[in-house]
Amino acid sequence: MKTHQFKLYGLFLLLTVQYACKKSFLEIEPKGKLTAQTANDYNLMLNNSYFDVTGADGQIYLGDEITSALPYYQNMATLKSRRYFEYAATIYEPDEDGSEFSTLTQHLYTYNIIINGVMDAQGGTDALKASYQAEALTNRAWIYLMLINYYGKPYLAQTAATDPGVPIITQADVTQGQFKRASVKEVYDFIINDLQKAIPALPISAGNRTRVSKAAAEALLARAYLYMGRYSEALTQLKSAFANLPTAFPVSLYDYKTVLASNGSWGYSVGSPATYVIGVLTTPNNQEVLMTKFIPNIYTFLLNDLLITPSTYKLFTPTDQRLKLYTKLYFPGLPINAPNVYRRNGPYTTNIGVTLPDMYLMLAELKARTGDVGGARADLETFRSKRMLTATDAAVNITDPTAMIKFIMEERIREFAVQGYRWFDMRRLSVDPLFAGTSYKHEAISETGAVIASFPLKPERFVLRFPQKVINANTGMTNNP
């Protein structure tokens, strides 16, 4: 399929250049392209690459595990957050770029430069240059997996070939302007092709967590297959990812009994803390992260707009150490009066790249979906042993595959509440027969917990609309309903 470049790239190019040109080897050619000559130039571009994806945070507001209480609901920090919470059709004003779209397409520009240019670079072995290209391919695949889960319908095999997705862009050329939306199937095929090409060329251990290892790409491919309902293929990839975990830096689950002990390394204090639970540092020091893509999460730090619902809170048992990440206090210290409503109190960044907790929970789910309930239980108990107080608390006494899958979905809420993961689960479950008839909504509540407004998630809102600025700049591009 012939691919084209967004006109809108011109709006983002200046930001891309300002970010990437901190390295002196980068130039601006007359056509507005970033250029590099040597293999090491491309290596430095990857070092200076985009592991901070500030702006790609729409999914945090969309999960059904959250609520908002007065007076903060009426005075949300941004119009964007209010509209997301209310599942509005229009999120951005006509003159706004749309932070999720602009952040991801801006980063795509640099990865396309590397993919198309590194093999012709001066110096370096072919294998080394292929590994740099593979890193860029993996990052491009991650971007497209994000984009298609914002702007394309959940993957359904019967309709994916005709459901509109997002334009596929393979060139870093701002002079091209006309384009069309590829189908959902075409985008997923593109993601799979990028990852299948990348995996053989990637090292077991990249230099650090901001670079791409073989296991990270394999886990990302497993996620793509999971979203497509191709469970056996996803399981094969994820097993391979666990077999290829990096060895150059620590990769393991944190034991919450230790890090969240009173006055422990994550800053927890006895009781419901009035101060922020610092948690682990971001990027190179988080031993649960394989591929760093992080967003600042002001809703687990300074703002009180988003809280967990009573039904979310009731998913936790009293000995679940993850409860120590929640407080009955607003920031900086006023009480939350609504019963069973809590504020997540850290950490202040959310990693939406590839993480070990997500991998463990995907592994358990995939085993359950392919008939290995015993294996699913073992993996789940291994994971929960790092989150619960005792082995008895961590035990999972479920033998039915469907019940196990549903328990794992609840475990994902316990692990990732107010982190943005729930939105992607809601999308795929909306076309999963096991969860047929499930409805999703947000409720705003009074200070005492009474429901004052309800916002059901309509089927068409499982996709976001493109910012109107994108549509206006590109004649012929269709928007979502």
# chains A, B, ... in the order shown; residues from 1 in each chain; ligands from 1
>>> residues_around(residues="A:Leu195", least_positions_apart="6", cutoff="7 Å", atoms="only C-alpha atoms", output="mmCIF file with all heavy atoms, in the first residue's frame")
data_model
loop_
_atom_site.group_PDB
_atom_site.id
_atom_site.type_symbol
_atom_site.label_atom_id
_atom_site.label_comp_id
_atom_site.auth_asym_id
_atom_site.auth_seq_id
_atom_site.Cartn_x
_atom_site.Cartn_y
_atom_site.Cartn_z
ATOM 1 N N LEU A 137 12.072 0.210 14.542
ATOM 2 C CA LEU A 137 10.890 -0.525 14.114
ATOM 3 C C LEU A 137 10.001 -0.877 15.299
ATOM 4 O O LEU A 137 8.767 -0.778 15.229
ATOM 5 C CB LEU A 137 11.308 -1.807 13.386
ATOM 6 C CG LEU A 137 11.849 -1.648 11.965
ATOM 7 C CD1 LEU A 137 12.542 -2.924 11.513
ATOM 8 C CD2 LEU A 137 10.728 -1.284 10.990
ATOM 9 N N THR A 138 10.608 -1.278 16.409
ATOM 10 C CA THR A 138 9.831 -1.627 17.602
ATOM 11 C C THR A 138 9.131 -0.401 18.158
ATOM 12 O O THR A 138 7.949 -0.462 18.548
ATOM 13 C CB THR A 138 10.740 -2.255 18.665
ATOM 14 O OG1 THR A 138 11.425 -3.388 18.111
ATOM 15 C CG2 THR A 138 9.932 -2.702 19.871
ATOM 16 N N ALA A 141 6.234 0.391 15.968
ATOM 17 C CA ALA A 141 5.140 -0.540 16.226
ATOM 18 C C ALA A 141 4.393 -0.157 17.497
ATOM 19 O O ALA A 141 3.154 -0.223 17.546
ATOM 20 C CB ALA A 141 5.677 -1.968 16.333
ATOM 21 N N ALA A 217 10.387 -6.387 22.561
ATOM 22 C CA ALA A 217 9.704 -6.478 21.270
ATOM 23 C C ALA A 217 8.809 -7.714 21.215
ATOM 24 O O ALA A 217 7.697 -7.668 20.669
ATOM 25 C CB ALA A 217 10.724 -6.500 20.141
ATOM 26 N N LEU A 221 4.784 -7.723 20.675
ATOM 27 C CA LEU A 221 4.103 -8.527 19.656
ATOM 28 C C LEU A 221 3.025 -9.395 20.301
ATOM 29 O O LEU A 221 1.919 -9.544 19.749
ATOM 30 C CB LEU A 221 5.118 -9.390 18.909
ATOM 31 C CG LEU A 221 4.574 -10.288 17.802
ATOM 32 C CD1 LEU A 221 3.762 -9.504 16.780
ATOM 33 C CD2 LEU A 221 5.727 -11.031 17.100
#
>>> select_by_dssp(residues="stretch 327-450 of chain A", states="strand (DSSP E or B)", output="PyMOL selection string")
chain A and resi 327+329+335+342-344+349-351+354-355+388+441-445
>>> select_by_dssp(residues="stretch 103-246 of chain A", states="helix (DSSP H, G or I)", output="number ranges by chain")
A: 103-120, 126-151, 184-201, 214-228, 231-243
>>> closest_residue(among="A:Tyr144, A:Phe179, A:Tyr87, A:Tyr132", to="A:Gly63", atoms="only C-alpha atoms")
A:Tyr87
>>> atom_distance(atom1="atom CA of A:Tyr231", atom2="atom CA of A:Ile408")
15.1 Å
>>> residues_around(residues="stretch 359-371 of chain A", least_positions_apart="4", cutoff="6 Å", atoms="only C-alpha atoms", output="list of chain:residue names")
A:Tyr231, A:Leu235, A:Ala376, A:Asp379, A:Leu380, A:Pro401, A:Ile405
>>> closest_atom_pairs(of="stretch 347-434 of chain A", to="stretch 439-451 of chain A", cutoff="12 Å", atoms="only C-alpha atoms", output="tab-separated table")
residue	atom	partner	partner_atom	distance
A:Arg422	CA	A:Tyr440	CA	11.3
A:Trp423	CA	A:Tyr440	CA	10.4
A:Asp425	CA	A:Tyr440	CA	11.7
A:Met426	CA	A:Tyr440	CA	8.2
A:Arg427	CA	A:Tyr440	CA	10.4
A:Leu429	CA	A:Ser439	CA	10.4
A:Ser430	CA	A:Ser439	CA	8.6
A:Val431	CA	A:Ser439	CA	11.9
>>> residues_around(residues="stretch 464-476 of chain A", least_positions_apart="5", cutoff="10 Å", atoms="only C-alpha atoms", output="PyMOL selection string")
chain A and resi 6-9+58+84+87-102+147-153+166+177-181+481
>>> write_last_selection(atoms="N, CA and C atoms", output="compact mmCIF listing (two decimals), in the first residue's frame")
# COMPACT_ATOMS: atom_id res chain seq x y z
N PHE A 6 1.46 13.03 6.75
CA PHE A 6 0.47 14.02 7.19
C PHE A 6 0.94 15.44 6.88
N LYS A 7 0.07 16.27 6.39
CA LYS A 7 0.36 17.71 6.34
C LYS A 7 0.65 18.23 7.73
N LEU A 8 0.01 17.62 8.69
CA LEU A 8 0.13 18.14 10.05
C LEU A 8 1.53 17.97 10.61
N TYR A 9 2.34 17.11 9.97
CA TYR A 9 3.71 16.97 10.45
C TYR A 9 4.42 18.31 10.53
N GLY A 58 -4.43 10.15 27.36
CA GLY A 58 -5.89 10.13 27.31
C GLY A 58 -6.50 8.92 27.99
N TYR A 84 -13.04 13.97 28.65
CA TYR A 84 -12.72 12.54 28.65
C TYR A 84 -13.54 11.81 29.70
N TYR A 87 -16.98 11.05 28.70
CA TYR A 87 -17.06 10.31 27.44
C TYR A 87 -17.67 11.16 26.34
N ALA A 88 -17.23 12.39 26.26
CA ALA A 88 -17.73 13.31 25.25
C ALA A 88 -17.20 12.92 23.87
N ALA A 89 -17.96 13.27 22.84
CA ALA A 89 -17.51 12.98 21.47
C ALA A 89 -16.34 13.87 21.08
N THR A 90 -16.40 15.14 21.47
CA THR A 90 -15.34 16.09 21.12
C THR A 90 -14.51 16.38 22.36
N ILE A 91 -13.22 16.14 22.25
CA ILE A 91 -12.32 16.35 23.38
C ILE A 91 -11.60 17.68 23.26
N TYR A 92 -11.15 18.02 22.06
CA TYR A 92 -10.32 19.20 21.86
C TYR A 92 -11.06 20.29 21.09
N GLU A 93 -10.69 21.52 21.36
CA GLU A 93 -11.21 22.65 20.61
C GLU A 93 -10.65 22.62 19.17
N PRO A 94 -11.33 23.29 18.22
CA PRO A 94 -10.89 23.21 16.82
C PRO A 94 -9.47 23.68 16.56
N ASP A 95 -8.94 24.55 17.42
CA ASP A 95 -7.58 25.05 17.19
C ASP A 95 -6.52 24.28 17.97
N GLU A 96 -6.91 23.18 18.64
CA GLU A 96 -5.97 22.40 19.43
C GLU A 96 -5.47 21.20 18.64
N ASP A 97 -4.18 20.87 18.83
CA ASP A 97 -3.59 19.76 18.11
C ASP A 97 -4.10 18.40 18.59
N GLY A 98 -4.36 18.28 19.87
CA GLY A 98 -4.68 16.97 20.43
C GLY A 98 -3.40 16.31 20.89
N SER A 99 -3.18 16.30 22.20
CA SER A 99 -1.85 15.93 22.71
C SER A 99 -1.49 14.49 22.41
N GLU A 100 -2.45 13.56 22.46
CA GLU A 100 -2.11 12.16 22.18
C GLU A 100 -1.65 12.02 20.73
N PHE A 101 -2.42 12.60 19.82
CA PHE A 101 -2.09 12.50 18.40
C PHE A 101 -0.76 13.21 18.10
N SER A 102 -0.58 14.40 18.60
CA SER A 102 0.61 15.17 18.26
C SER A 102 1.86 14.56 18.86
N LEU A 147 -1.86 4.31 18.62
CA LEU A 147 -2.74 5.07 17.74
C LEU A 147 -3.98 4.29 17.36
N ILE A 148 -3.80 3.00 17.02
CA ILE A 148 -4.95 2.23 16.58
C ILE A 148 -5.90 1.97 17.74
N ASN A 149 -5.38 1.99 18.97
CA ASN A 149 -6.26 1.81 20.13
C ASN A 149 -6.84 3.12 20.63
N TYR A 150 -6.46 4.21 20.04
CA TYR A 150 -7.16 5.48 20.23
C TYR A 150 -8.22 5.68 19.13
N TYR A 151 -7.82 5.49 17.88
CA TYR A 151 -8.62 5.98 16.76
C TYR A 151 -9.23 4.89 15.88
N GLY A 152 -8.95 3.63 16.15
CA GLY A 152 -9.57 2.55 15.39
C GLY A 152 -10.46 1.71 16.28
N LYS A 153 -11.42 1.02 15.71
CA LYS A 153 -12.31 0.17 16.48
C LYS A 153 -11.54 -0.99 17.08
N VAL A 166 -5.94 4.14 11.11
CA VAL A 166 -5.15 5.36 11.04
C VAL A 166 -4.25 5.29 9.81
N GLY A 177 1.36 15.33 1.44
CA GLY A 177 0.24 15.87 2.17
C GLY A 177 -1.04 15.08 2.11
N GLN A 178 -1.32 14.37 1.05
CA GLN A 178 -2.60 13.69 0.92
C GLN A 178 -2.45 12.27 1.45
N PHE A 179 -3.43 11.80 2.15
CA PHE A 179 -3.34 10.47 2.73
C PHE A 179 -4.73 9.93 2.97
N LYS A 180 -4.81 8.66 3.32
CA LYS A 180 -6.08 8.04 3.70
C LYS A 180 -5.85 7.14 4.90
N ARG A 181 -6.94 6.85 5.57
CA ARG A 181 -6.87 5.96 6.72
C ARG A 181 -6.78 4.52 6.24
N PRO A 481 -17.30 8.71 14.13
CA PRO A 481 -18.59 9.31 14.48
C PRO A 481 -18.52 10.11 15.77
>>> decode(residues="stretch 91-102 of chain A", atoms="all heavy atoms", output="mmCIF file, in the first residue's frame")
data_model
loop_
_atom_site.group_PDB
_atom_site.id
_atom_site.type_symbol
_atom_site.label_atom_id
_atom_site.label_comp_id
_atom_site.auth_asym_id
_atom_site.auth_seq_id
_atom_site.Cartn_x
_atom_site.Cartn_y
_atom_site.Cartn_z
ATOM 1 N N ILE A 91 -13.220 16.139 22.251
ATOM 2 C CA ILE A 91 -12.320 16.354 23.381
ATOM 3 C C ILE A 91 -11.597 17.685 23.260
ATOM 4 O O ILE A 91 -11.454 18.432 24.234
ATOM 5 C CB ILE A 91 -11.285 15.212 23.479
ATOM 6 C CG1 ILE A 91 -11.992 13.852 23.561
ATOM 7 C CG2 ILE A 91 -10.349 15.427 24.665
ATOM 8 C CD1 ILE A 91 -12.902 13.687 24.752
ATOM 9 N N TYR A 92 -11.152 18.024 22.061
ATOM 10 C CA TYR A 92 -10.317 19.202 21.856
ATOM 11 C C TYR A 92 -11.064 20.288 21.087
ATOM 12 O O TYR A 92 -11.929 19.997 20.259
ATOM 13 C CB TYR A 92 -9.039 18.822 21.094
ATOM 14 C CG TYR A 92 -8.124 17.918 21.881
ATOM 15 C CD1 TYR A 92 -8.100 16.546 21.662
ATOM 16 C CD2 TYR A 92 -7.276 18.439 22.861
ATOM 17 C CE1 TYR A 92 -7.259 15.713 22.390
ATOM 18 C CE2 TYR A 92 -6.436 17.627 23.585
ATOM 19 C CZ TYR A 92 -6.432 16.263 23.349
ATOM 20 O OH TYR A 92 -5.603 15.443 24.081
ATOM 21 N N GLU A 93 -10.691 21.518 21.359
ATOM 22 C CA GLU A 93 -11.212 22.648 20.606
ATOM 23 C C GLU A 93 -10.649 22.620 19.173
ATOM 24 O O GLU A 93 -9.605 22.020 18.920
ATOM 25 C CB GLU A 93 -10.825 23.959 21.299
ATOM 26 C CG GLU A 93 -11.510 24.173 22.647
ATOM 27 C CD GLU A 93 -13.008 24.298 22.511
ATOM 28 O OE1 GLU A 93 -13.479 25.333 21.994
ATOM 29 O OE2 GLU A 93 -13.732 23.351 22.895
ATOM 30 N N PRO A 94 -11.326 23.287 18.219
ATOM 31 C CA PRO A 94 -10.894 23.214 16.818
ATOM 32 C C PRO A 94 -9.469 23.684 16.560
ATOM 33 O O PRO A 94 -8.862 23.267 15.574
ATOM 34 C CB PRO A 94 -11.911 24.107 16.094
ATOM 35 C CG PRO A 94 -13.124 24.073 16.958
ATOM 36 C CD PRO A 94 -12.616 24.009 18.362
ATOM 37 N N ASP A 95 -8.938 24.547 17.416
ATOM 38 C CA ASP A 95 -7.583 25.051 17.189
ATOM 39 C C ASP A 95 -6.525 24.281 17.974
ATOM 40 O O ASP A 95 -5.358 24.641 17.958
ATOM 41 C CB ASP A 95 -7.504 26.536 17.555
ATOM 42 C CG ASP A 95 -7.809 26.800 19.025
ATOM 43 O OD1 ASP A 95 -8.426 25.923 19.678
ATOM 44 O OD2 ASP A 95 -7.442 27.884 19.524
ATOM 45 N N GLU A 96 -6.911 23.181 18.641
ATOM 46 C CA GLU A 96 -5.967 22.397 19.435
ATOM 47 C C GLU A 96 -5.468 21.197 18.644
ATOM 48 O O GLU A 96 -6.217 20.567 17.896
ATOM 49 C CB GLU A 96 -6.625 21.927 20.733
ATOM 50 C CG GLU A 96 -6.941 23.041 21.717
ATOM 51 C CD GLU A 96 -7.543 22.504 22.997
ATOM 52 O OE1 GLU A 96 -8.586 21.816 22.930
ATOM 53 O OE2 GLU A 96 -6.983 22.781 24.067
ATOM 54 N N ASP A 97 -4.181 20.870 18.835
ATOM 55 C CA ASP A 97 -3.586 19.757 18.108
ATOM 56 C C ASP A 97 -4.101 18.404 18.590
ATOM 57 O O ASP A 97 -4.231 17.470 17.804
ATOM 58 C CB ASP A 97 -2.054 19.774 18.259
ATOM 59 C CG ASP A 97 -1.435 20.990 17.614
ATOM 60 O OD1 ASP A 97 -1.959 21.447 16.583
ATOM 61 O OD2 ASP A 97 -0.429 21.499 18.152
ATOM 62 N N GLY A 98 -4.362 18.277 19.870
ATOM 63 C CA GLY A 98 -4.684 16.968 20.433
ATOM 64 C C GLY A 98 -3.403 16.314 20.894
ATOM 65 O O GLY A 98 -2.604 15.847 20.078
ATOM 66 N N SER A 99 -3.178 16.299 22.202
ATOM 67 C CA SER A 99 -1.851 15.934 22.706
ATOM 68 C C SER A 99 -1.488 14.486 22.414
ATOM 69 O O SER A 99 -0.316 14.184 22.140
ATOM 70 C CB SER A 99 -1.766 16.213 24.206
ATOM 71 O OG SER A 99 -2.742 15.479 24.926
ATOM 72 N N GLU A 100 -2.446 13.556 22.465
ATOM 73 C CA GLU A 100 -2.109 12.161 22.176
ATOM 74 C C GLU A 100 -1.651 12.021 20.729
ATOM 75 O O GLU A 100 -0.602 11.433 20.440
ATOM 76 C CB GLU A 100 -3.324 11.253 22.428
ATOM 77 C CG GLU A 100 -3.759 11.165 23.863
ATOM 78 C CD GLU A 100 -4.613 12.351 24.294
ATOM 79 O OE1 GLU A 100 -5.102 13.105 23.420
ATOM 80 O OE2 GLU A 100 -4.793 12.515 25.512
ATOM 81 N N PHE A 101 -2.420 12.602 19.823
ATOM 82 C CA PHE A 101 -2.087 12.503 18.403
ATOM 83 C C PHE A 101 -0.761 13.207 18.098
ATOM 84 O O PHE A 101 0.111 12.652 17.427
ATOM 85 C CB PHE A 101 -3.216 13.112 17.573
ATOM 86 C CG PHE A 101 -3.007 12.986 16.094
ATOM 87 C CD1 PHE A 101 -3.344 11.823 15.436
ATOM 88 C CD2 PHE A 101 -2.461 14.029 15.363
ATOM 89 C CE1 PHE A 101 -3.147 11.698 14.076
ATOM 90 C CE2 PHE A 101 -2.259 13.923 14.009
ATOM 91 C CZ PHE A 101 -2.607 12.748 13.352
ATOM 92 N N SER A 102 -0.582 14.402 18.601
ATOM 93 C CA SER A 102 0.608 15.174 18.260
ATOM 94 C C SER A 102 1.861 14.558 18.855
ATOM 95 O O SER A 102 2.911 14.487 18.200
ATOM 96 C CB SER A 102 0.464 16.624 18.734
ATOM 97 O OG SER A 102 0.335 16.708 20.133
#
